[in-house]
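Student: Below is a structure I'd like to ask you about.
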Amino acid sequence: MMESFSVKPVKVGICGLGTVGGGTYNVLKRNAGEIARRAGRGIEVAQIAARRPNSRCDTSGTPVTADVFAVVNNPEVDIVIELIGGYTVAREVVMQAIENGKHVVTANKALIAVHGNEIFARARDKGVIVAFEAAVAGGIPVIKAIREGLSANRINWLAGIINGTGNFILSEMREKGRAFADVLKEAQALGYAEADPTFDVEGIDAAHKLTILASIAFGIPLQFDKAYTEGITRLTSADVTYAEALGYRIKHLGVARRTDKGIELRVHPTLIPADRLIANVNGVMNAVMVNGDAAGSTLYYGAGAGMEPTASSVVADLVDVVRAMTTDPENRVPHLAFQPDELSDHPILPIAQCESAYYLRVQAKDHPGVLAQVASILSERGINIESVMQKEAEEHDGLVPMILLTHRVAEQRMDDAIAALEALDDVAGQVMRIRVEQLA
Ligand code: HSE
């Protein structure tokens with residue numbers, strides 16, 4: 001489908017073409033049409049500042065400079081995307097962009113946690129937006145969830161696994177008994193770790209993110225210097241094993257809690273009951289639980305680092321900024337996420353044409369050959385059985401529950417198979433059907 005917009009595209013400048021910068025460029029290019037339909041205007045990368053090329057991103061056709069200030073001072077650029085990291089050059093870039101009246105999107109948690117108060121004050125004076133969704137938990141839109149989705153609530157507490165590298169290390173130690181240093185090296189090679197990996201393993205990166213979350217949850221200024229930070233470097237495999245024997249998992253958690261006396265703001269290794277959802281967040285994944293007085297507990301889960309997950313949040317912020325740049329209220333956040341005149345006419349499938357895997361429970365008489373009949377009904381219709389489990393006959397009716405898991409198949413075909421199963425003399429009552437999605 002071709003999109004056409006009467007307004008000129010918004011021009012953005014990307015400062016920094018590392019993991020996140022490269023991902024941002026790629027996502028903007030690949031999804032340009034859909035992003036424009038959401039934003040109401042095209043988004044064009046007018047210039048990139050990079051010290052070196054990124055082999056995972058083809059920037060041909062886009063002007064590239066080594067000088068970040070050339071981007072910041074480029075009169076064509078409406079929005080500066082700061083993806084340099086750190087507190088020094090990044091801070092100058094952001095402050096200069098604001099002085100120049102440009103909106104800013106950044107993924108820089110350290111910058112926001114440490115200098116955010118000053119940056120936001122100046123941005124307010126100049127009437128520009130500074131957006132930072134990508135600064136916390138990579139691809140998880142948790143800033144938006146707290147700032148907008150939970151705006152009715154008095155937030156009581158939040159707890160998060162907000163450093164992918166640390167969580168990856170703990171998960172590998174627990175699951176594979178691997179050594180700390182070895183796993184850290186792998187996280188660095190995968191591009192998850194900070195330039196200075198002590199930021200990850202000593203909890204500094206998590207504390208940056210927790211500081212930001214606490215401010216938007218409780219309405220307090222950013223106070224990174226007051227966060228308690230303890231790392232995971234002293235944990236041993238034996239700790240992990242003992243915690244396991246007690247029914248717990250060890251996670252490096254950031255906790256922010258409102259009490260009568262004040263707000264707790266702390267990052268440290270924590271035992272969590274193994275059956276909590278958040279205890280089962282493994283590898284580089286992040287999760288944040290937020291407890292509000294109206295919504296109760298909500299949980300946000302996803303990739304907390306990496307090229308495109310983080311780019312996903314950078315680009316979402318860009319879309320928000322573009323929507324807010326127009327004075328036309330109809331172009332603010334659209335009710336259905338896409339601009340009303342950009343809704344697609346793609347049809348909704350009837351359930352018969354939907355496809356999924358299935359759990360089937362068949363109540364069968366305990367006769368030889370019943371399983372074979374069931375299997376042949378499925379195979380005749382091209383339905384692949386993944387596993388079969390037969391339980392003991394229930395005493396009161398002598399029926400044997402037969403549980404089958406199938407591979408994915410169109411619902412129509414399964415309707416047909418179930419009708420045939422229910423028609424068998426040796427099958428009693430209705431077949432129980434539950435759809436299965438791996439959500440991988
Ligand atoms: N080093 C960070 C992490 C990157 O491992 O989570 C994302 O902020």
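In the structure tokens, chains take the letters A, B, ... in the order shown, each chain's residues start at 1, and ligands count up from 1 in the order shown.
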Residues of region 90-150 of chain A that have any atom at most 10 Å from an atom of region 53-72 of chain A: could you tabulate them with the shortest-distance atom pair and the distance in Å to one decimal, using only C-alpha atoms, ordered by chain and increasing number, as JSON lines?
Tutor:
{"residue": "A:Ala90", "atom": "CA", "partner": "A:Val68", "partner_atom": "CA", "distance": 9.4}
{"residue": "A:Glu92", "atom": "CA", "partner": "A:Phe69", "partner_atom": "CA", "distance": 9.0}
{"residue": "A:Val93", "atom": "CA", "partner": "A:Val72", "partner_atom": "CA", "distance": 6.7}
{"residue": "A:Val94", "atom": "CA", "partner": "A:Val72", "partner_atom": "CA", "distance": 8.3}
{"residue": "A:Met95", "atom": "CA", "partner": "A:Val72", "partner_atom": "CA", "distance": 9.6}
{"residue": "A:Gln96", "atom": "CA", "partner": "A:Val72", "partner_atom": "CA", "distance": 6.8}
{"residue": "A:Ala97", "atom": "CA", "partner": "A:Val72", "partner_atom": "CA", "distance": 5.4}
{"residue": "A:Ile98", "atom": "CA", "partner": "A:Val72", "partner_atom": "CA", "distance": 9.1}
{"residue": "A:Glu99", "atom": "CA", "partner": "A:Val72", "partner_atom": "CA", "distance": 9.7}
{"residue": "A:Asn100", "atom": "CA", "partner": "A:Val72", "partner_atom": "CA", "distance": 7.8}
{"residue": "A:Lys102", "atom": "CA", "partner": "A:Val72", "partner_atom": "CA", "distance": 8.2}
{"residue": "A:Val104", "atom": "CA", "partner": "A:Val72", "partner_atom": "CA", "distance": 10.0}
Student: Return as a PyMOL selection string every polymer residue, whether protein, DNA or RNA, with at least one atom no more than 7 Å from an atom of ligand 1; count only C-alpha atoms and all ligand atoms.
Tutor: chain A and resi 135-138+162-166+192-194+200+205+304-305
Student: Can you tell me which residues surround Ile146 (chain A) at a distance of at most 12 Å, considering only C-alpha atoms, apart from same-chain residues fewer than 2 positions away, and format the answer as a PyMOL selection string?
Tutor: chain A and resi 133+136+140-144+148-155+157-158+212-219+288-292+295+297-300
Student: Suppose you want the space between CA of Pro197 (chain A) and CA of Arg266 (chain A); what is it in Å?
Tutor: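 Atom-to-atom, CA of Pro197 (chain A) to CA of Arg266 (chain A), that is 19.3 Å.
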Student: Which residues come within 8 Å of Ser237 (chain A), counting only C-alpha atoms, excluding same-chain residues fewer than 6 positions away, as a PyMOL selection string?
Tutor: chain A and resi 173-174+177
Student: Using only C-alpha atoms, determine which residues lie at most 12 Å from Ala131 (chain A), disregarding the query and same-chain residues fewer than 3 positions distant; provide the list as number ranges by chain.
Tutor: A: 79-82, 94, 102-109, 112, 116, 119-120, 123, 128, 134-136, 143-144, 147, 313-322, 324
Student: Can you pull out every residue from region 152-306 of chain A that DSSP, working from the backbone, puts in alpha helix (DSSP H), and format the result as a PyMOL selection string?
Tutor: chain A and resi 164-176+180-189+198-201+204-218+237-245
Student: In Å, rounded to a single decimal, give me how far CA of Gly42 (chain A) is from CA of Gly85 (chain A).
Tutor: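 Computed distance, CA of Gly85 (chain A) to CA of Gly42 (chain A), equals 26.7 Å.
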Student: Find the distance between CA of Val201 (chain A) and CA of Gly21 (chain A) and write it in Å to one decimal.
Tutor: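 Separation between CA of Val201 (chain A) and CA of Gly21 (chain A): 23.9 Å.
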Student: Between A:Arg413, A:Arg234, A:Lys226, A:Arg51, which is the closest to Ile377 (chain A) once you count only C-alpha atoms?
Tutor: A:Arg413
Student: Which neighbours of Thr406 (chain A) fall inside 10 Å, counting only C-alpha atoms, when residues of the same chain fewer than 2 positions from it are skipped, and could you give them as a PyMOL selection string?
Tutor: chain A and resi 356-360+378+383-388+404+408-409+414+435-436
Student: Print the selection's residues with N, CA and C atoms to a file, as a compact mmCIF listing (two decimals), in the first residue's frame.
Tutor:
# COMPACT_ATOMS: atom_id res chain seq x y z
N SER A 356 -3.88 -22.50 14.78
CA SER A 356 -3.15 -22.63 16.04
C SER A 356 -2.88 -24.10 16.30
N ALA A 357 -2.10 -24.36 17.33
CA ALA A 357 -1.94 -25.72 17.82
C ALA A 357 -3.06 -25.97 18.83
N TYR A 358 -3.27 -27.24 19.17
CA TYR A 358 -4.41 -27.55 20.05
C TYR A 358 -4.05 -28.54 21.14
N TYR A 359 -4.73 -28.34 22.24
CA TYR A 359 -4.79 -29.33 23.32
C TYR A 359 -6.17 -29.96 23.18
N LEU A 360 -6.22 -31.30 23.10
CA LEU A 360 -7.50 -31.99 23.01
C LEU A 360 -7.63 -32.97 24.16
N LEU A 378 -7.11 -37.96 13.03
CA LEU A 378 -6.28 -36.75 12.93
C LEU A 378 -5.37 -36.83 11.71
N ILE A 383 -3.43 -33.66 10.37
CA ILE A 383 -3.13 -33.00 11.66
C ILE A 383 -2.03 -33.79 12.35
N ASN A 384 -0.96 -33.11 12.63
CA ASN A 384 0.23 -33.74 13.18
C ASN A 384 0.15 -33.76 14.71
N ILE A 385 0.29 -34.95 15.30
CA ILE A 385 0.22 -35.04 16.77
C ILE A 385 1.61 -34.78 17.35
N GLU A 386 1.66 -33.90 18.33
CA GLU A 386 2.95 -33.62 18.97
C GLU A 386 3.18 -34.56 20.14
N SER A 387 2.16 -34.78 20.96
CA SER A 387 2.33 -35.73 22.08
C SER A 387 0.98 -36.25 22.52
N VAL A 388 1.03 -37.42 23.15
CA VAL A 388 -0.20 -38.08 23.64
C VAL A 388 0.07 -38.53 25.07
N LEU A 404 -4.16 -34.98 23.97
CA LEU A 404 -3.31 -34.87 22.78
C LEU A 404 -2.90 -33.42 22.56
N ARG A 408 0.35 -26.94 14.68
CA ARG A 408 -0.56 -25.90 14.21
C ARG A 408 -1.36 -26.37 13.00
N VAL A 409 -2.61 -25.99 12.97
CA VAL A 409 -3.50 -26.38 11.87
C VAL A 409 -4.63 -25.36 11.81
N MET A 414 -9.62 -28.69 12.19
CA MET A 414 -9.79 -29.23 13.53
C MET A 414 -11.27 -29.42 13.86
N ARG A 435 -6.93 -23.99 22.55
CA ARG A 435 -5.89 -23.56 21.60
C ARG A 435 -4.57 -23.33 22.34
N VAL A 436 -3.48 -23.65 21.68
CA VAL A 436 -2.16 -23.50 22.28
C VAL A 436 -1.33 -22.54 21.43
Student: DSSP on the backbone: what in region 276-424 of chain A comes out strand (DSSP E), as a ChimeraX atom specification?
Tutor: /A:285-292,296-303,355-365,385-390,399-406,409-410
Student: Counting only C-alpha atoms, which residue out of A:Pro368, A:Pro309, A:His115, A:Ala274 sits closest to Thr88 (chain A)?
Tutor: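 Of the candidates, the smallest distance to Thr88 (chain A) is held by A:His115.
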